[in-house]
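What follows is a set of notes on a single structure, which appears directly below.
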Amino acid sequence: MDVKLPKATQSNGAAGRDQSEADEIIRFKDQLYIAVGSQRTSSGGEVLKRGDTFAVVDKLGEIGVTGISEHGVYHRGTRHLSRWELFVGGSRPMLLNTTMDQENSHLVVQMTTADLPLGDGFVIPHGALHIFRTLRLEHAGFREELKLTNYTNREISLPLEYRFAADFVDIFEVRGAPRKRRGELLDPVVADHSVALPYAGVDDRRRQTVLRLGGQCDLSSHDKEHFRLRVDLPPGASQVVEVKSRFENVANDGGSVGGIGLAEPSRDPAGPADGDFRTAEIATPNERFNEWLSRSLADLRMLTTETPYGLYPYAGVPWFSTPFGRDALITALETLWVWPQLARGTLEFLAAHQANSVDPETEAEPGKILHEVRDGEMAATGEVPFRLYYGTVDSTPLFVMLSGAYYRRTGDLNFIRSIWTNIQRALNWIDQHGDSDGDGFVEYQSHNERGLIHQCWKDSHDSVFHSDGRPATGPIAVSEVQAYVYQAKNDAAELAVALGEERLATRLREEARGLKQRFNERFWSSPIQTFALALDGDKQPCEVRSSNSGHLLFCGIADEAYAPATARTLMSEAGFSGWGIRTIAKGEANYNPMSYHNGTIWPHDTAIGGAGLARYGFRDAALRVLNGLYEAALVEPLHRLPELFCGFERLPGHGPTLWPVACSPQAWAAGAGFVLLQALLGLKFDAPNNRVSLERPMLPNYLQRLSIRGLRVGSGAVDLVVHRHPRDVGLYVERKEGDVEVVVIN
């Protein structure tokens, strides 16, 4: 059933990851639109993640109190704790402070109580009891330590109560997807100091949350919803209470069920190794800038999961804490210069899950790189078709792009050789299934009613349209995908040369040159002074000003003659808000600064555009882009850039207008600062020849000095210090290990 959707209706880059302003579920060709009720806020909670487990809790470390529906502790796509509340002396504690450690490993909540009568005539004065709460995630588990300190002058016997529940709701249910049937909540098992809450799913899996009480306390009673205990505290003394939870997921026949990583390795995979989390270190005299990059790196580490194939950045919390192809590939490209091992793990994982056959239900085609992996109950039963879903047109060329960039960055030809067959299969997909009509452009069109309508990064149902607002119909060739294909073929040619396949390299370069010529002829639009958003199924251009043109500059497909006008359009008042580049320029037919893809600002999209501007020599414009995102990060909680924010004009004294249910943290948003910094430094790698260069490096006026330590290049490493002078930038090589050549090009 087709329905008319409000203008602010959005969709997110996964199947079913669509958003709506309405407080109800709306169906549009079986796409799911998530309710955004008034009780939900963009600062919806504190976030922790470890492996396939993540938590969203309120400022007190609690779940189920504030009414924000996504709160909970989740494991492998299912909520294993839906309620977690603490009562001290029969009352809720009062918040003093909430802090997240710099590495996102644990949350500390400090609390006290109001005047608290104990029943014997004694009242604990407000502020006399200190409650120090620490929450941590473990692999498939959750742990809380509660330290209570008595600052009165008499002994107190204090009753405590934990209230808990586990609803085992699938993440798609939390997002609003209705279900015809659910599994069964089984009878709890109450044992000594523990409670087990089991659930039998309709996917023939048994899930269970086991809670166990420990520490220095006396357990008064416990049942399926409560732990009641008592703590005795002499004057000035402290006691610790501990609760551990364990999340289990087993087949009904008792066999174990593996986590995400559906393909069994065909060879010994790399797997995470010592040093995989090691990154180059960046430092400046500007502490706020350092805090932004440090938080970004900490978020990336938190979102990164160890798989059998190496490290893989999950897309974001809460909605996308799972592998996505496009998101991980772009994140790895953004951060490649500081963290190359992230790219290797991403490539290894995606190569292992490359499609081998045609399957319209999952949009799979031979050689195609996946869009999304899901491991919850609804994915396992096929209620949503996204357990292993390939409905994206850009992951495949991005896979080839990252492979080439990884080789330039590391010189690791043995690894490239190990995935060379996957790269060739991806190239074959581009030429055959990707270009189904043989016109030389890569298009997409949905092959089933439940998949994504638009299969580019702007995948809202209304994100590709003509200048009069009419929706484009397929098959659709979006502009940025042609740029990715252009870069991918050039990168593959470079790899072919390294592997001794000169004939293939020559063919790929010729194909790239031909694509660039055709692209500029067909996509350039004089009326809007930039490139068209897309060509529709009738090969008519969607003449709409969009941020997509920044991706064209990033990949180098735009002719030099068109670059100045493209840059002016991107950085015009209609395109650049002061915080970032709008996905759709102000004044276009479907422009809405609150729409998910039609006017909002995405940090990763803005950063790619900024890096593209720098590539074509518009370095002052790129600097404005860096400044906008940096200043946005300064006013965000924890200096953390969210998935997106609204595209309203920047107002003096105000921060960006937040988008209600944006993921925060989000991996490619966390990578934005790194790719912009690399672009402004002009930092390029030729690791096969142990060479690193800085072309026309520049720094903003708030960074007088920048040091990069532990920058590995081929078989060596360097420490670099960049100084900003009134008219130029100087470079000092502070340390060099091995035969590394450092070149500055002015």
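Residues are referred to by chain and number: the chain letter is A, B, ... according to the order shown in the structure tokens, the number counts from 1 in that chain, and ligands are numbered separately from 1 in the order shown.
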Extract, using only C-alpha atoms, all DNA, RNA and protein residues at most 7 Å from Trp292 in chain A, discarding same-chain residues fewer than 6 positions from it, and format them as a PyMOL selection string. chain A and resi 633+639-640
Taking 6 positions as the minimum chain separation for residues in the same chain, which residues sit within 7 Å of range 364-369 of chain A when counting only C-alpha atoms? Answer as a ChimeraX atom specification. /A:325,350,354-358,390,395-396,425-426,428-429
Shell of 8 Å around range 437-450 of chain A, only C-alpha atoms, local chain residues under 6 positions omitted, as a PyMOL selection string: chain A and resi 29-31+360-361+363+384-385+391-393+430-431+474-478+481-482+515
Take the residues that were just selected and, keeping N, CA, C and O atoms, output them as an mmCIF file, in the first residue's frame.
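To be explicit, this is the file written out as again00.cif:
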data_model
loop_
_atom_site.group_PDB
_atom_site.id
_atom_site.type_symbol
_atom_site.label_atom_id
_atom_site.label_comp_id
_atom_site.auth_asym_id
_atom_site.auth_seq_id
_atom_site.Cartn_x
_atom_site.Cartn_y
_atom_site.Cartn_z
ATOM 1 N N LYS A 29 5.647 0.514 0.443
ATOM 2 C CA LYS A 29 6.219 -0.613 -0.299
ATOM 3 C C LYS A 29 7.058 -1.498 0.621
ATOM 4 O O LYS A 29 8.162 -1.907 0.310
ATOM 5 N N ASP A 30 6.489 -1.749 1.805
ATOM 6 C CA ASP A 30 7.089 -2.627 2.809
ATOM 7 C C ASP A 30 8.368 -2.080 3.427
ATOM 8 O O ASP A 30 9.099 -2.802 4.080
ATOM 9 N N GLN A 31 8.673 -0.792 3.214
ATOM 10 C CA GLN A 31 9.777 -0.185 3.949
ATOM 11 C C GLN A 31 9.271 0.174 5.344
ATOM 12 O O GLN A 31 8.126 0.564 5.522
ATOM 13 N N PRO A 360 17.368 -12.802 -5.745
ATOM 14 C CA PRO A 360 16.607 -11.543 -5.678
ATOM 15 C C PRO A 360 16.153 -11.186 -4.267
ATOM 16 O O PRO A 360 16.043 -10.006 -3.937
ATOM 17 N N GLU A 361 15.896 -12.181 -3.431
ATOM 18 C CA GLU A 361 15.409 -11.897 -2.082
ATOM 19 C C GLU A 361 16.432 -11.107 -1.272
ATOM 20 O O GLU A 361 16.088 -10.207 -0.516
ATOM 21 N N GLU A 363 19.140 -9.613 -2.822
ATOM 22 C CA GLU A 363 19.792 -8.727 -3.791
ATOM 23 C C GLU A 363 21.223 -9.182 -4.109
ATOM 24 O O GLU A 363 22.058 -8.392 -4.548
ATOM 25 N N VAL A 384 12.475 -10.012 8.464
ATOM 26 C CA VAL A 384 13.154 -8.954 7.716
ATOM 27 C C VAL A 384 14.244 -9.653 6.907
ATOM 28 O O VAL A 384 14.879 -10.591 7.398
ATOM 29 N N PRO A 385 14.444 -9.251 5.661
ATOM 30 C CA PRO A 385 15.321 -10.035 4.779
ATOM 31 C C PRO A 385 16.780 -9.631 4.841
ATOM 32 O O PRO A 385 17.469 -9.634 3.832
ATOM 33 N N GLY A 391 21.747 -5.340 -0.865
ATOM 34 C CA GLY A 391 21.060 -4.277 -1.590
ATOM 35 C C GLY A 391 21.760 -2.936 -1.539
ATOM 36 O O GLY A 391 21.236 -1.974 -0.963
ATOM 37 N N THR A 392 22.942 -2.869 -2.110
ATOM 38 C CA THR A 392 23.670 -1.607 -2.221
ATOM 39 C C THR A 392 24.485 -1.627 -3.508
ATOM 40 O O THR A 392 25.016 -2.670 -3.899
ATOM 41 N N VAL A 393 24.583 -0.479 -4.153
ATOM 42 C CA VAL A 393 25.297 -0.399 -5.425
ATOM 43 C C VAL A 393 26.741 0.061 -5.255
ATOM 44 O O VAL A 393 27.554 -0.086 -6.155
ATOM 45 N N ILE A 430 30.869 -5.094 -11.424
ATOM 46 C CA ILE A 430 30.700 -3.715 -11.901
ATOM 47 C C ILE A 430 30.352 -3.705 -13.380
ATOM 48 O O ILE A 430 29.427 -2.995 -13.816
ATOM 49 N N ASP A 431 31.050 -4.486 -14.176
ATOM 50 C CA ASP A 431 30.858 -4.464 -15.630
ATOM 51 C C ASP A 431 29.623 -5.225 -16.077
ATOM 52 O O ASP A 431 29.036 -4.892 -17.113
ATOM 53 N N GLY A 474 13.826 3.749 -11.648
ATOM 54 C CA GLY A 474 15.012 3.002 -12.025
ATOM 55 C C GLY A 474 14.962 2.381 -13.394
ATOM 56 O O GLY A 474 13.934 2.434 -14.064
ATOM 57 N N PRO A 475 16.086 1.788 -13.765
ATOM 58 C CA PRO A 475 17.342 1.726 -13.002
ATOM 59 C C PRO A 475 18.035 3.084 -12.940
ATOM 60 O O PRO A 475 18.040 3.827 -13.922
ATOM 61 N N ILE A 476 18.600 3.404 -11.777
ATOM 62 C CA ILE A 476 19.135 4.736 -11.501
ATOM 63 C C ILE A 476 20.659 4.671 -11.386
ATOM 64 O O ILE A 476 21.210 3.821 -10.681
ATOM 65 N N ALA A 477 21.328 5.592 -12.069
ATOM 66 C CA ALA A 477 22.779 5.742 -11.971
ATOM 67 C C ALA A 477 23.071 7.003 -11.167
ATOM 68 O O ALA A 477 22.943 8.114 -11.688
ATOM 69 N N VAL A 478 23.410 6.849 -9.899
ATOM 70 C CA VAL A 478 23.721 8.019 -9.083
ATOM 71 C C VAL A 478 25.156 8.452 -9.354
ATOM 72 O O VAL A 478 26.029 7.638 -9.676
ATOM 73 N N VAL A 481 28.465 7.018 -7.417
ATOM 74 C CA VAL A 481 28.859 5.636 -7.700
ATOM 75 C C VAL A 481 29.742 5.570 -8.946
ATOM 76 O O VAL A 481 30.699 4.787 -9.003
ATOM 77 N N GLN A 482 29.462 6.417 -9.918
ATOM 78 C CA GLN A 482 30.325 6.444 -11.106
ATOM 79 C C GLN A 482 31.727 6.908 -10.713
ATOM 80 O O GLN A 482 32.727 6.422 -11.255
ATOM 81 N N LEU A 515 35.123 6.189 -18.936
ATOM 82 C CA LEU A 515 34.063 6.503 -17.985
ATOM 83 C C LEU A 515 34.098 7.981 -17.607
ATOM 84 O O LEU A 515 33.054 8.643 -17.540
#
Residues near Leu233 in chain A, cut-off 10 Å, only C-alpha atoms, skip fewer than 5 positions along chain, as a list of chain:residue names: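 Final neighbour list, sorted by chain and number: A:Leu148, A:Thr149, A:Asn150, A:Tyr151, A:Thr152, A:Arg154, A:Glu155, A:Ile156, A:Ser157, A:Leu158, A:Ser238, A:Gln239.
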Name the residues of range 47-200 of chain A that come out as strand (DSSP E or B) in a backbone DSSP run; write them as a VMD selection string. chain A and resid 47 to 50 53 to 57 63 72 to 75 78 to 81 83 to 88 91 94 to 100 106 to 112 116 to 117 123 to 124 129 to 138 141 to 150 156 to 165 170 184 to 185 189 to 191 194 to 200
Which residue is closest to Glu161 in chain A? Choose from A:Val88, A:Leu219, A:Ala191, A:Ala328 and count only C-alpha atoms. A:Val88
Which of these, A:Arg163, A:Arg705, A:Arg301, A:His604, has the shortest distance to Gly64 in chain A once you count only C-alpha atoms?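 The answer is A:Arg163, which sits nearest to Gly64 in chain A.
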Quick one: residues within 12 Å of Lys458 in chain A, only C-alpha atoms, excluding same-chain residues fewer than 2 positions away - as a PyMOL selection string? chain A and resi 10-14+17-18+326+392-394+452-456+460-465+478-481+533-534+546-548+583-584+595-602+605
Hey, which of A:Leu553, A:Leu638, A:Ala472, A:Val733 ends up closest to Glu103 in chain A? Count only C-alpha atoms.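 The answer is A:Leu638, which sits nearest to Glu103 in chain A.
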So that I can check the surroundings of range 620-624 of chain A, please list as a PyMOL selection string every protein, DNA and RNA residue that reaches within 7 Å of it, counting only C-alpha atoms and ignoring chain neighbours fewer than 3 positions away. chain A and resi 610-611+613-614+627-628+700
Save the residues we just selected, N, CA, C and O atoms, as a CSV table (one decimal), in the first residue's frame?
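Written out: selection-v3.csv:
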chain,number,residue,atom,x,y,z
A,610,GLY,N,35.0,17.9,1.7
A,610,GLY,CA,36.1,18.8,2.0
A,610,GLY,C,37.4,18.2,1.5
A,610,GLY,O,38.3,19.0,0.9
A,611,ALA,N,37.6,16.9,1.6
A,611,ALA,CA,38.8,16.3,1.0
A,611,ALA,C,38.8,16.4,-0.5
A,611,ALA,O,39.9,16.6,-1.1
A,613,LEU,N,37.5,18.9,-2.2
A,613,LEU,CA,37.9,20.3,-2.5
A,613,LEU,C,39.4,20.4,-2.4
A,613,LEU,O,40.0,21.1,-3.3
A,614,ALA,N,40.0,19.9,-1.4
A,614,ALA,CA,41.5,19.9,-1.3
A,614,ALA,C,42.2,19.3,-2.4
A,614,ALA,O,43.2,19.8,-2.9
A,627,ASN,N,36.9,23.5,9.8
A,627,ASN,CA,36.5,24.4,10.9
A,627,ASN,C,35.1,24.2,11.3
A,627,ASN,O,34.7,24.2,12.5
A,628,GLY,N,34.2,24.0,10.3
A,628,GLY,CA,32.8,23.8,10.6
A,628,GLY,C,32.5,22.6,11.5
A,628,GLY,O,31.8,22.6,12.5
A,700,PRO,N,45.1,25.0,10.1
A,700,PRO,CA,44.2,26.1,10.5
A,700,PRO,C,44.9,27.0,11.6
A,700,PRO,O,45.9,26.6,12.2
CA of Gly345 in chain A and CA of Phe674 in chain A are how many Å apart? 18.9 Å
Which residues are close to Gly376 in chain A, i.e. within 6 Å by only C-alpha atoms, leaving aside same-chain residues fewer than 2 positions away? Reply as a ChimeraX atom specification. /A:77-78,378-379
Residue selection dump (N, CA, C and O atoms) as a PDB file, in the first residue's frame:
ATOM      1  N   GLY A  77      21.652  -8.349  18.433  1.00  0.00           N
ATOM      2  CA  GLY A  77      20.387  -7.920  17.853  1.00  0.00           C
ATOM      3  C   GLY A  77      19.169  -8.107  18.718  1.00  0.00           C
ATOM      4  O   GLY A  77      18.047  -7.844  18.265  1.00  0.00           O
ATOM      5  N   THR A  78      19.342  -8.533  19.969  1.00  0.00           N
ATOM      6  CA  THR A  78      18.219  -8.774  20.874  1.00  0.00           C
ATOM      7  C   THR A  78      18.465  -8.055  22.194  1.00  0.00           C
ATOM      8  O   THR A  78      19.587  -8.067  22.718  1.00  0.00           O
ATOM      9  N   MET A 378      14.369 -11.709  14.156  1.00  0.00           N
ATOM     10  CA  MET A 378      13.585 -11.392  12.971  1.00  0.00           C
ATOM     11  C   MET A 378      14.381 -11.625  11.687  1.00  0.00           C
ATOM     12  O   MET A 378      13.819 -12.022  10.662  1.00  0.00           O
ATOM     13  N   ALA A 379      15.677 -11.403  11.738  1.00  0.00           N
ATOM     14  CA  ALA A 379      16.509 -11.704  10.576  1.00  0.00           C
ATOM     15  C   ALA A 379      16.637 -13.208  10.379  1.00  0.00           C
ATOM     16  O   ALA A 379      16.586 -13.712   9.254  1.00  0.00           O
TER      17      ALA A 379
END
Could you check how far CA of Ile528 in chain A sits from CA of Val544 in chain A, in Å to one decimal?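 Those two atoms sit 7.2 Å apart.
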